[in-house]
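What's in structure37.cif: mmCIF, C-alpha atoms
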```cif
data_my_file
loop_
_atom_site.label_atom_id
_atom_site.label_comp_id
_atom_site.auth_asym_id
_atom_site.auth_seq_id
_atom_site.Cartn_x
_atom_site.Cartn_y
_atom_site.Cartn_z
CA MET N 654 14.90 162.37 132.68
CA SER N 655 17.19 159.44 131.84
CA THR N 656 15.75 157.17 129.16
CA TYR N 657 17.56 154.09 130.46
CA VAL N 658 15.74 152.35 133.30
CA TYR N 659 17.77 149.79 135.24
CA GLN N 660 14.80 148.33 137.10
CA PRO N 661 11.78 148.71 134.83
CA ASN N 662 8.36 147.78 136.15
CA VAL N 663 7.81 144.68 134.03
CA ALA N 664 6.36 141.27 134.79
CA ARG N 665 8.89 138.59 135.66
CA MET N 666 9.15 135.30 133.80
CA SER N 667 9.97 131.97 135.33
CA TYR N 668 13.65 131.06 135.24
CA ASP N 669 13.08 128.09 132.92
CA GLU N 670 10.97 130.11 130.47
CA ALA N 671 13.57 132.86 130.39
CA VAL N 672 16.45 130.44 129.76
CA VAL N 673 14.57 128.97 126.80
CA ALA N 674 13.96 132.45 125.41
CA LEU N 675 17.65 133.38 125.76
CA SER N 676 18.81 130.17 124.13
CA ARG N 677 17.03 131.14 120.92
CA ARG N 678 19.52 133.99 120.45
CA HIS N 679 22.64 133.11 122.42
CA ALA N 680 24.88 130.30 123.57
CA VAL N 681 23.63 129.68 127.10
CA ARG N 682 25.10 128.02 130.16
CA GLY N 683 22.72 126.91 132.90
CA HIS N 684 24.92 128.15 135.75
CA GLY N 685 26.84 131.18 136.90
CA VAL N 686 30.42 132.01 135.92
CA ASP N 687 33.16 130.16 137.81
CA ASN N 688 36.05 132.59 137.69
CA LEU N 689 37.56 131.79 141.09
CA SER N 690 39.17 128.41 140.49
CA GLU N 691 42.90 127.92 140.05
CA GLU N 692 42.24 126.67 136.52
CA ALA N 693 40.34 129.85 135.64
CA THR N 694 43.18 131.97 137.07
CA ARG N 695 45.77 130.02 135.09
CA ARG N 696 43.84 130.39 131.83
CA VAL N 697 43.33 134.13 132.36
CA ALA N 698 47.06 134.54 132.98
CA SER N 699 47.83 132.74 129.72
CA LEU N 700 45.42 134.91 127.73
CA ALA N 701 46.75 138.06 129.39
CA ALA N 702 50.29 137.15 128.35
CA GLU N 703 49.12 136.73 124.75
CA GLN N 704 47.60 140.22 124.86
CA LYS N 705 50.65 141.69 126.63
CA MET N 706 48.40 142.65 129.53
CA GLU N 707 50.68 142.78 132.55
CA ILE N 708 48.79 141.79 135.71
CA ARG N 709 50.72 142.62 138.86
CA PRO N 710 50.28 140.60 142.05
CA LEU N 711 48.70 142.52 144.91
CA ARG N 712 48.61 141.26 148.48
CA VAL N 713 46.18 143.00 150.79
CA ASP N 714 47.71 144.00 154.12
CA ALA N 715 45.27 142.33 156.53
CA ALA N 716 46.17 144.65 159.41
CA ALA N 717 45.63 147.71 157.19
CA TYR N 718 42.27 146.34 156.07
CA ARG N 719 41.16 145.78 159.67
CA GLU N 720 42.28 149.29 160.59
CA TYR N 721 40.35 150.71 157.63
CA TYR N 722 37.24 148.73 158.59
CA ALA N 723 37.35 150.04 162.17
CA LYS N 724 37.94 153.66 161.17
CA ALA N 725 35.23 153.52 158.51
CA LEU N 726 32.66 152.74 161.24
CA TYR N 727 30.64 150.30 159.12
CA ASP N 728 29.16 148.60 162.18
CA ALA N 729 28.25 151.80 164.01
CA LYS N 730 27.12 154.01 161.11
CA TYR N 731 26.02 151.50 158.46
CA PRO N 732 24.81 148.38 160.30
CA ASP N 733 22.43 147.33 157.50
CA TYR N 734 24.82 147.88 154.59
CA TYR N 735 25.33 144.53 152.83
CA ARG N 736 24.84 142.71 156.08
CA GLY N 737 25.27 139.30 154.39
CA ASN N 738 28.15 140.35 152.13
CA ARG N 739 30.07 142.88 154.18
CA PRO N 740 33.60 141.37 154.01
CA GLU N 741 33.53 141.49 150.22
CA LYS N 742 32.14 144.99 149.92
CA THR N 743 34.42 146.50 152.55
CA LEU N 744 37.44 144.81 151.01
CA GLU N 745 36.53 146.34 147.64
CA HIS N 746 36.33 149.75 149.30
CA HIS N 747 39.70 149.27 151.01
CA ILE N 748 41.40 148.16 147.79
CA ALA N 749 40.06 151.16 145.85
CA LEU N 750 41.11 153.61 148.55
CA THR N 751 44.58 152.06 148.70
CA LEU N 752 45.16 152.04 144.96
CA LEU N 753 43.81 155.55 144.42
CA GLU N 754 45.84 157.10 147.26
CA ILE N 755 43.16 159.72 147.88
CA GLY N 756 44.26 162.84 149.73
CA ALA N 757 42.73 166.05 151.06
CA ASP N 758 43.30 167.90 147.78
CA ASP N 759 41.33 165.37 145.73
CA VAL N 760 37.79 165.54 144.37
CA PHE N 761 36.43 162.00 144.37
CA VAL N 762 33.38 160.57 142.57
CA ASP N 763 31.89 157.19 143.42
CA ILE N 764 30.37 156.04 140.12
CA ALA N 765 27.17 153.93 140.27
CA SER N 766 27.16 154.58 144.00
CA GLU N 767 23.46 153.99 144.76
CA HIS N 768 23.35 153.57 148.58
CA SER N 769 27.09 153.03 149.14
CA PRO N 770 28.72 154.70 152.17
CA VAL N 771 31.99 155.07 150.25
CA PRO N 772 31.76 158.83 149.56
CA GLU N 773 31.10 159.67 153.21
CA ILE N 774 33.78 157.28 154.45
CA TYR N 775 36.45 158.45 152.01
CA GLU N 776 35.72 162.11 152.74
CA ARG N 777 35.84 161.54 156.49
CA LEU N 778 39.07 159.52 156.37
CA THR N 779 40.99 161.57 153.79
CA GLY N 780 39.52 165.07 153.76
CA ALA N 781 38.78 164.81 150.02
CA LYS N 782 35.61 166.33 148.60
CA SER N 783 33.42 163.36 147.67
CA TYR N 784 30.41 162.87 145.41
CA SER N 785 27.99 160.01 144.80
CA GLN N 786 26.88 159.40 141.21
CA ASP N 787 24.06 157.08 140.15
CA ILE N 788 21.49 156.71 137.40
CA MET N 789 18.90 156.03 140.11
CA TYR N 790 19.23 159.60 141.46
CA PRO N 791 17.23 162.48 139.94
CA ASP N 792 19.07 164.11 137.04
CA GLY N 793 21.43 166.93 137.94
CA ILE N 794 23.52 167.80 140.97
CA ASP N 795 21.97 168.01 144.42
CA GLY N 796 24.53 168.60 147.15
CA ASN N 797 27.06 165.79 146.82
CA ARG N 798 24.79 163.68 144.59
CA ILE N 799 25.20 163.57 140.81
CA GLY N 800 22.17 162.06 139.12
CA GLY N 801 21.76 160.65 135.62
CA ASP N 802 23.84 158.72 133.13
CA ALA N 803 27.46 158.17 134.21
CA CYS N 804 28.40 158.40 130.52
CA ALA N 805 27.13 161.99 130.33
CA MET N 806 27.57 163.63 133.72
CA PRO N 807 26.37 167.21 134.31
CA VAL N 808 29.80 168.36 135.51
CA ALA N 809 32.56 170.53 134.07
CA ASP N 810 35.64 169.21 132.29
CA GLY N 811 38.29 168.24 134.84
CA PHE N 812 35.72 168.16 137.64
CA ALA N 813 37.36 165.29 139.55
CA SER N 814 40.78 163.91 140.31
CA LYS N 815 39.81 160.42 141.53
CA ALA N 816 36.91 158.05 140.86
CA ALA N 817 35.94 154.46 141.54
CA LEU N 818 33.47 151.79 140.54
CA THR N 819 33.10 148.99 143.06
CA CYS N 820 31.22 146.00 141.68
CA SER N 821 29.68 148.25 139.02
CA LEU N 822 31.45 148.30 135.64
CA GLU N 823 30.08 144.84 134.78
CA HIS N 824 26.52 146.23 134.91
CA PHE N 825 27.15 148.78 132.13
CA GLU N 826 25.17 147.33 129.23
CA GLY N 827 25.77 147.64 125.50
CA ASP N 828 28.59 150.05 124.72
CA ALA N 829 28.15 151.97 127.97
CA ASP N 830 31.47 150.67 129.33
CA THR N 831 33.32 152.18 126.38
CA ARG N 832 31.36 155.42 126.62
CA LEU N 833 32.02 155.61 130.35
CA PHE N 834 35.77 155.78 129.83
CA ALA N 835 35.38 158.41 127.11
CA GLU N 836 33.40 160.45 129.64
CA MET N 837 35.92 159.82 132.42
CA HIS N 838 38.65 161.21 130.17
CA ARG N 839 36.63 164.43 130.09
CA VAL N 840 35.66 164.45 133.77
CA LEU N 841 39.08 163.58 135.23
CA ARG N 842 41.94 166.04 135.39
CA PRO N 843 45.23 165.09 133.72
CA GLY N 844 46.88 162.60 136.05
CA GLY N 845 43.53 161.71 137.59
CA LYS N 846 42.77 158.07 138.33
CA ILE N 847 39.80 155.73 138.25
CA CYS N 848 39.81 152.37 140.03
CA ILE N 849 37.67 149.37 139.08
CA THR N 850 37.26 146.61 141.63
CA PRO N 851 36.34 143.87 141.21
CA PHE N 852 37.48 143.73 137.60
CA TYR N 853 35.72 140.65 136.27
CA LEU N 854 38.18 138.77 134.08
CA HIS N 855 37.52 135.31 132.67
CA HIS N 856 38.98 133.02 130.04
CA GLU N 857 35.73 133.16 128.03
CA GLU N 858 33.78 136.20 126.90
CA GLY N 859 30.57 136.01 128.86
CA THR N 860 27.78 137.80 130.63
CA GLN N 861 26.14 136.52 133.77
CA THR N 862 22.45 137.23 134.18
CA ASP N 863 19.39 136.35 136.19
CA PRO N 864 17.23 135.68 133.12
CA ALA N 865 13.99 136.02 135.06
CA LEU N 866 14.90 139.72 135.29
CA SER N 867 16.79 140.38 132.06
CA VAL N 868 14.54 138.70 129.50
CA PRO N 869 11.29 140.51 130.42
CA ALA N 870 13.25 143.79 130.55
CA GLY N 871 14.57 143.25 127.02
CA VAL N 872 18.24 143.44 128.01
CA THR N 873 20.55 143.30 125.00
CA PHE N 874 23.64 141.13 125.43
CA ASP N 875 26.90 141.22 123.50
CA GLU N 876 26.38 139.11 120.39
CA THR N 877 29.54 137.05 120.80
CA ALA N 878 29.21 136.48 124.55
CA VAL N 879 28.19 133.25 126.21
CA ILE N 880 25.28 133.92 128.56
CA TYR N 881 25.62 132.40 132.01
CA CYS N 882 22.24 131.98 133.71
CA ALA N 883 22.44 132.37 137.48
CA GLU N 884 19.07 131.56 138.98
CA GLY N 885 18.14 133.92 141.81
CA TRP N 886 21.23 136.13 141.30
CA GLY N 887 19.05 139.23 141.24
CA ASN N 888 21.01 141.20 138.60
CA ARG N 889 20.24 141.53 134.93
CA HIS N 890 23.74 142.02 133.46
CA GLY N 891 27.26 141.22 134.62
CA ARG N 892 29.91 141.34 131.91
CA PHE N 893 33.05 139.20 132.21
CA TYR N 894 35.91 140.40 130.04
CA THR N 895 38.67 138.36 128.52
CA PRO N 896 41.97 140.23 128.16
CA LYS N 897 41.18 140.48 124.44
CA THR N 898 37.66 141.86 124.81
CA PHE N 899 38.83 144.37 127.42
CA ALA N 900 41.39 145.63 124.93
CA GLU N 901 38.75 145.84 122.20
CA ARG N 902 36.15 147.57 124.35
CA ILE N 903 38.21 149.87 126.57
CA SER N 904 42.00 149.98 126.45
CA SER N 905 42.35 150.25 122.66
CA PRO N 906 39.64 152.92 122.22
CA MET N 907 41.30 154.81 125.08
CA ALA N 908 44.86 154.45 123.75
CA GLY N 909 46.76 157.68 124.38
CA LYS N 910 44.05 158.83 126.81
CA PHE N 911 44.57 156.44 129.74
CA ALA N 912 47.39 154.29 131.06
CA PHE N 913 46.19 151.05 132.64
CA ASP N 914 47.62 149.14 135.61
CA PHE N 915 46.12 145.71 136.32
CA TYR N 916 46.26 143.79 139.59
CA ARG N 917 45.49 140.26 140.76
CA ILE N 918 44.54 140.14 144.44
CA GLU N 919 46.44 137.13 145.71
CA ASN N 920 45.14 136.74 149.25
CA ALA N 921 41.49 137.83 149.30
CA LYS N 922 40.45 134.55 150.90
CA GLU N 923 42.85 135.20 153.77
CA ILE N 924 40.85 138.33 154.57
CA ASP N 925 37.61 136.35 154.53
CA ALA N 926 36.66 133.06 152.87
CA SER N 927 33.50 134.62 151.39
CA THR N 928 35.33 137.19 149.25
CA TYR N 929 35.35 136.97 145.47
CA VAL N 930 37.34 140.01 144.37
CA ARG N 931 40.29 138.69 142.36
CA TYR N 932 41.26 141.48 139.96
CA ALA N 933 41.31 145.27 139.94
CA PHE N 934 42.69 147.96 137.67
CA VAL N 935 43.54 151.62 137.80
CA ALA N 936 43.30 153.84 134.73
CA THR N 937 45.35 157.05 134.87
CA ARG N 938 44.17 159.91 132.71
CA ILE N 939 46.90 161.09 130.33
#
```

How does the structure come out when it is put into structure tokens?
Amino acid sequence: MSTYVYQPNVARMSYDEAVVALSRRHAVRGHGVDNLSEEATRRVASLAAEQKMEIRPLRVDAAAYREYYAKALYDAKYPDYYRGNRPEKTLEHHIALTLLEIGADDVFVDIASEHSPVPEIYERLTGAKSYSQDIMYPDGIDGNRIGGDACAMPVADGFASKAALTCSLEHFEGDADTRLFAEMHRVLRPGGKICITPFYLHHEEGTQTDPALSVPAGVTFDETAVIYCAEGWGNRHGRFYTPKTFAERISSPMAGKFAFDFYRIENAKEIDASTYVRYAFVATRI
């Protein structure tokens, strides 16, 4: 059995009590991260230039997105899937599918999939063999489900050619994000690709949390990160990288193993005003 438990059965604290407890160990902000403003985008661009992180503009083809949405059959097959947040989630899925260019010869793994319809949709639309992976599933492989730690999957070297994390990488606590990419270098074939969307970039190293969940669970946060407390958010850990911390945690440790392509989604709000995906990246296994 996996030793890590994402949703342990522990008593919750009040938000105010949890913020006080966090503030004893970390710099704390009493609000969530604002990474969507023009000022935040400008500052990220400046920091990216300093790190020589090239971020390419990406405009979503609205007609292609609508066609994808219709063919995916979200309304007919998955009417309860993120009912209140469907434009965002389906846009993430469309972006990942577009950037990965999945075809019938691919083996695709949806990392941290939980109850996502992505594997079924991608397999139906492309003909690729698709798998769901999640720590919440029983350990091992059962049909198209891969259970256990994404950083130590029970699959052979070169098992997959494509993979994605949609709104997931930020939840990998401690050094799990670094370990994930070491594992993906093993799991992906040479030339294989993994897409991350959204990629949460910010001008300040930070982690967003709902402290009423994270403090009782004993979540460990990065020592140098500012902790943003989002009351009622419902998640215990959401890491926001700066270009520098991404290099330190992922791209530098993976130098010579992956090539990285970064994207800024320019027109997400034109797809729907509620969307918050602003960045994505694709890592190609060398």

Per residue of segment 804-909 of chain N within 12 Å of segment 697-716 of chain N, record the nearest atom pair and its distance in Å to one decimal, counting only C-alpha atoms, with rows in chain order and ascending residue number, as JSON lines.
```
{"residue": "N:Phe852", "atom": "CA", "partner": "N:Ile708", "partner_atom": "CA", "distance": 11.6}
{"residue": "N:Tyr853", "atom": "CA", "partner": "N:Val697", "partner_atom": "CA", "distance": 10.8}
{"residue": "N:Leu854", "atom": "CA", "partner": "N:Val697", "partner_atom": "CA", "distance": 7.1}
{"residue": "N:His855", "atom": "CA", "partner": "N:Val697", "partner_atom": "CA", "distance": 5.9}
{"residue": "N:His856", "atom": "CA", "partner": "N:Val697", "partner_atom": "CA", "distance": 5.1}
{"residue": "N:Glu857", "atom": "CA", "partner": "N:Val697", "partner_atom": "CA", "distance": 8.8}
{"residue": "N:Glu858", "atom": "CA", "partner": "N:Val697", "partner_atom": "CA", "distance": 11.2}
{"residue": "N:Phe893", "atom": "CA", "partner": "N:Val697", "partner_atom": "CA", "distance": 11.5}
{"residue": "N:Tyr894", "atom": "CA", "partner": "N:Val697", "partner_atom": "CA", "distance": 10.0}
{"residue": "N:Thr895", "atom": "CA", "partner": "N:Val697", "partner_atom": "CA", "distance": 7.4}
{"residue": "N:Pro896", "atom": "CA", "partner": "N:Ala701", "partner_atom": "CA", "distance": 5.4}
{"residue": "N:Lys897", "atom": "CA", "partner": "N:Gln704", "partner_atom": "CA", "distance": 6.4}
{"residue": "N:Thr898", "atom": "CA", "partner": "N:Gln704", "partner_atom": "CA", "distance": 10.1}
{"residue": "N:Phe899", "atom": "CA", "partner": "N:Met706", "partner_atom": "CA", "distance": 9.9}
{"residue": "N:Ala900", "atom": "CA", "partner": "N:Gln704", "partner_atom": "CA", "distance": 8.2}
{"residue": "N:Glu901", "atom": "CA", "partner": "N:Gln704", "partner_atom": "CA", "distance": 10.8}
{"residue": "N:Ser904", "atom": "CA", "partner": "N:Met706", "partner_atom": "CA", "distance": 10.2}
{"residue": "N:Ser905", "atom": "CA", "partner": "N:Gln704", "partner_atom": "CA", "distance": 11.5}
```

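When only C-alpha atoms are used to compute distances to Asp828 of chain N, the closest of the residues N:Cys804, N:Ala680, N:Leu841, N:Ala809 turns out to be N:Cys804.
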
Leaving out segment 862-873 of chain N and any residue of its chain fewer than 6 positions from it, which residues lie within 7 Å of it when counting all atoms listed in the file, given as a PyMOL selection string? chain N and resi 661+663-668+671-672+827+881-891

Those same residues, written as a short mmCIF file (atom, residue, chain, number, x, y, z; two decimals), in the frame of the given file with C-alpha atoms?
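Saved to out.cif:
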```cif
data_model
loop_
_atom_site.label_atom_id
_atom_site.label_comp_id
_atom_site.auth_asym_id
_atom_site.auth_seq_id
_atom_site.Cartn_x
_atom_site.Cartn_y
_atom_site.Cartn_z
CA PRO N 661 11.78 148.71 134.83
CA VAL N 663 7.81 144.68 134.03
CA ALA N 664 6.36 141.27 134.79
CA ARG N 665 8.89 138.59 135.66
CA MET N 666 9.15 135.30 133.80
CA SER N 667 9.97 131.97 135.33
CA TYR N 668 13.65 131.06 135.24
CA ALA N 671 13.57 132.86 130.39
CA VAL N 672 16.45 130.44 129.76
CA GLY N 827 25.77 147.64 125.50
CA TYR N 881 25.62 132.40 132.01
CA CYS N 882 22.24 131.98 133.71
CA ALA N 883 22.44 132.37 137.48
CA GLU N 884 19.07 131.56 138.98
CA GLY N 885 18.14 133.92 141.81
CA TRP N 886 21.23 136.13 141.30
CA GLY N 887 19.05 139.23 141.24
CA ASN N 888 21.01 141.20 138.60
CA ARG N 889 20.24 141.53 134.93
CA HIS N 890 23.74 142.02 133.46
CA GLY N 891 27.26 141.22 134.62
#
```

At a cut-off of 6 Å, using only C-alpha atoms, what residues contact Gly800 of chain N? Leave out same-chain residues fewer than 4 positions from it and give the result as an NGL selection string. :N and (786-788 or 790-793)

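Between atom CA of Val673 of chain N and atom CA of Ala878 of chain N the interatomic distance comes to 16.6 Å.
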
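One finds atom CA of Ala817 of chain N at 27.1 Å from atom CA of Arg695 of chain N.
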
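Straight-line separation from atom CA of Tyr916 of chain N to atom CA of Ser814 of chain N: 20.9 Å.
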
Quick one: residues within 12 Å of segment 741-743 of chain N, all atoms listed in the file, excluding same-chain residues fewer than 2 positions away - as a ChimeraX atom specification? /N:718-728,731,734-739,745-750,769-771,774,818-821,850-851,921-931

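Once the PyMOL selection byres ((chain N and resi 838) around 9) is applied to the shown structure, the selection contains Asp810, Gly811, Leu833, Phe834, Ala835, Glu836, Met837, Arg839, Val840, Leu841, Arg842, Pro843, Gly845, Met907, Lys910, Phe911, Arg938 and Ile939 of chain N.
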
Proximity to Asp758 of chain N - best of N:Ile794, N:Ala813, N:Leu744, N:Ala933, only C-alpha atoms: N:Ala813

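For the choices N:Met789, N:Gly683, N:Pro906, N:Ala765, the atom-to-atom distance to Val879 of chain N is smallest for N:Gly683 when using all atoms listed in the file.
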
From the options N:Ala781, N:Glu773, N:Glu692, N:Val808, which residue's atoms come nearest to Phe761 of chain N, counting only C-alpha atoms? N:Ala781

Once you add 4 Å to each side, what are the centre and edge lengths of the axis-aligned box holding all listed atoms of segment 822-836 of chain N? One decimal in Å, as JSON, if you can.
```
{"center_x": 30.5, "center_y": 152.6, "center_z": 130.2, "size_x": 18.6, "size_y": 23.6, "size_z": 18.9}
```

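Proximity ranking of N:Thr779, N:Thr694, N:Thr860, N:Thr937 relative to Glu826 of chain N places N:Thr860 first, based on all atoms listed in the file.
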
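Considering the residues N:Ser676, N:Asn797, N:Thr751, N:Gln861 and counting all atoms listed in the file, Pro772 of chain N has its shortest atom-to-atom contact with N:Asn797.
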
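For Ala757 of chain N, the set of protein, DNA and RNA residues having any atom at most 10 Å away, when counting all atoms listed in the file and skipping those fewer than 5 positions along the same chain, is Tyr775, Glu776, Arg777, Leu778, Thr779, Gly780, Ala781 and Lys782 of chain N.
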